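Below is one structure, written out as structure tokens, with a few remarks after it.
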Amino acid sequence: RESPLGLPPRGYDWPRLSPDGTRLALNIVDPENTDVWVLDLRRETTTRLTFDAAHDLRPVWTPDGQQVIFASRREGATQLFAKSADGTGDVERLTHSETELVRHSISPDGRLLVVEERSSDTGTNLALLSLEGDAEMRPLLRTEFTERNAEVSPDGRWIAYESNASGRFE
């Protein structure tokens, strides 16, 4: 059953439900900028998490619901950043890569993040970023085709993704 949230008309994009089901992390797209916001579903109130002039995109929750990870070009090539979901504290940069990185999905234990790597040399591929220790990244799928839009299954055993290996995206 659908029911409106009672929010003003705006450009809402990439909604992600929090682990406890009470909040949405989403992008609000304005003509000049795109930022990450958190919507409290019970109170129908929004809290802005990012304020940088760069576009902040594709938020995802950590499994404990304490942080939101997102992609941004705030310091050059698109990299990954984290911010406390309650809006407190500073934004933390998670990656320092030469390639463009976009996050997709996090493992249920919060240890790994599936990342889309975009490079003019290798195209678009999937990698795993360790969220523990030195934030090491290792290739997951690196082919001549485009792999994108990955999602980790709720039990952490599988990753569904989109590829154009057949000649069209499937």
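By convention in this document, the chains of the structure tokens carry letters A, B, ... by their order, each chain's residues are numbered from 1, and ligands are numbered from 1 in the order they are shown.
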
Could you produce a table of the residues of segment 25-118 of chain A lying within 12 Å of segment 6-13 of chain A, with the nearest pair of atoms per residue and their separation in Å rounded to one decimal, using only C-alpha atoms, ordered by chain and increasing residue number, as CSV?
residue,atom,partner,partner_atom,distance
A:Ala25,CA,A:Asp13,CA,9.5
A:Leu26,CA,A:Asp13,CA,6.0
A:Asn27,CA,A:Asp13,CA,4.9
A:Ile28,CA,A:Tyr12,CA,4.8
A:Val29,CA,A:Gly11,CA,4.8
A:Asp30,CA,A:Gly11,CA,6.7
A:Pro31,CA,A:Gly11,CA,9.2
A:Glu32,CA,A:Gly11,CA,11.9
A:Asn33,CA,A:Gly11,CA,10.9
A:Thr34,CA,A:Gly11,CA,9.2
A:Asp35,CA,A:Asp13,CA,10.1
A:Val36,CA,A:Asp13,CA,9.6
A:Trp37,CA,A:Tyr12,CA,9.7
A:Val38,CA,A:Tyr12,CA,11.3
A:Leu39,CA,A:Leu7,CA,9.7
A:Asp40,CA,A:Leu7,CA,11.3
A:Leu41,CA,A:Gly6,CA,10.2
A:Arg42,CA,A:Gly6,CA,11.3
A:Arg43,CA,A:Gly6,CA,10.2
A:Glu44,CA,A:Gly6,CA,7.1
A:Thr45,CA,A:Leu7,CA,8.3
A:Thr46,CA,A:Leu7,CA,9.1
A:Asp56,CA,A:Asp13,CA,11.5
A:Leu57,CA,A:Asp13,CA,9.0
A:Arg58,CA,A:Asp13,CA,8.3
A:Pro59,CA,A:Asp13,CA,9.8

(request) Would you mind listing what lies within 10 Å of Ser120 of chain A as a list in words, with only C-alpha atoms counted and same-chain residues fewer than 2 positions away left out? (result) Thr99, Glu100, Arg118, Thr122, Gly123 and Thr124 of chain A

Store the residues of this selection in a file with all heavy atoms, as an mmCIF file, in the first residue's frame.
data_model
loop_
_atom_site.group_PDB
_atom_site.id
_atom_site.type_symbol
_atom_site.label_atom_id
_atom_site.label_comp_id
_atom_site.auth_asym_id
_atom_site.auth_seq_id
_atom_site.Cartn_x
_atom_site.Cartn_y
_atom_site.Cartn_z
ATOM 1 N N THR A 99 41.299 6.149 -9.486
ATOM 2 C CA THR A 99 40.100 5.892 -10.278
ATOM 3 C C THR A 99 38.878 6.481 -9.592
ATOM 4 O O THR A 99 38.881 6.739 -8.391
ATOM 5 C CB THR A 99 39.877 4.374 -10.483
ATOM 6 O OG1 THR A 99 39.729 3.758 -9.200
ATOM 7 C CG2 THR A 99 41.021 3.741 -11.230
ATOM 8 N N GLU A 100 37.828 6.696 -10.372
ATOM 9 C CA GLU A 100 36.552 7.167 -9.842
ATOM 10 C C GLU A 100 35.894 6.008 -9.103
ATOM 11 O O GLU A 100 35.810 4.891 -9.627
ATOM 12 C CB GLU A 100 35.639 7.615 -10.991
ATOM 13 C CG GLU A 100 36.188 8.737 -11.833
ATOM 14 C CD GLU A 100 35.792 10.103 -11.318
ATOM 15 O OE1 GLU A 100 34.676 10.263 -10.801
ATOM 16 O OE2 GLU A 100 36.622 11.022 -11.432
ATOM 17 N N ARG A 118 35.560 3.241 -11.860
ATOM 18 C CA ARG A 118 35.416 3.754 -13.218
ATOM 19 C C ARG A 118 36.752 4.325 -13.670
ATOM 20 O O ARG A 118 37.268 5.248 -13.050
ATOM 21 C CB ARG A 118 34.344 4.834 -13.267
ATOM 22 C CG ARG A 118 32.975 4.341 -12.876
ATOM 23 C CD ARG A 118 31.992 5.474 -12.826
ATOM 24 N NE ARG A 118 30.686 5.001 -12.402
ATOM 25 C CZ ARG A 118 29.688 5.799 -12.102
ATOM 26 N NH1 ARG A 118 29.852 7.118 -12.169
ATOM 27 N NH2 ARG A 118 28.530 5.303 -11.731
ATOM 28 N N THR A 122 40.351 0.848 -17.868
ATOM 29 C CA THR A 122 39.747 -0.476 -17.651
ATOM 30 C C THR A 122 38.230 -0.485 -17.708
ATOM 31 O O THR A 122 37.614 -1.539 -17.541
ATOM 32 C CB THR A 122 40.188 -1.047 -16.286
ATOM 33 O OG1 THR A 122 39.743 -0.152 -15.248
ATOM 34 C CG2 THR A 122 41.688 -1.219 -16.228
ATOM 35 N N GLY A 123 37.590 0.651 -17.900
ATOM 36 C CA GLY A 123 36.128 0.702 -17.944
ATOM 37 C C GLY A 123 35.538 0.694 -16.543
ATOM 38 O O GLY A 123 36.138 1.166 -15.591
ATOM 39 N N THR A 124 34.345 0.115 -16.423
ATOM 40 C CA THR A 124 33.637 0.073 -15.149
ATOM 41 C C THR A 124 33.644 -1.343 -14.619
ATOM 42 O O THR A 124 33.145 -2.264 -15.266
ATOM 43 C CB THR A 124 32.193 0.586 -15.320
ATOM 44 O OG1 THR A 124 32.242 1.919 -15.840
ATOM 45 C CG2 THR A 124 31.458 0.596 -14.001
#

(message) Taking 6 positions as the minimum chain separation for residues in the same chain, which residues sit within 12 Å of Gly167 of chain A when counting only C-alpha atoms? Answer as JSON, numbers by chain.
(response) {"A": [144, 145, 146]}

(request) Determine the nearest neighbour of Asp155 of chain A from the options A:Asp64, A:Ser107, A:Thr47, A:Gly87, counting only C-alpha atoms. (result) A:Ser107

(request) Rank A:Ala77, A:Asp109, A:Ser72, A:Leu140 by their smallest atom-to-atom distance to Val91 of chain A, using only C-alpha atoms, and report the top residue only. (result) A:Ser72

(message) Between atom CA of Thr22 of chain A and atom CA of Tyr161 of chain A, what distance in Å does the model show, to one decimal?
(response) 26.7 Å

(message) Please report the interatomic distance between atom CA of Thr62 of chain A and atom CA of Pro108 of chain A in Å with one decimal.
(response) 8.4 Å
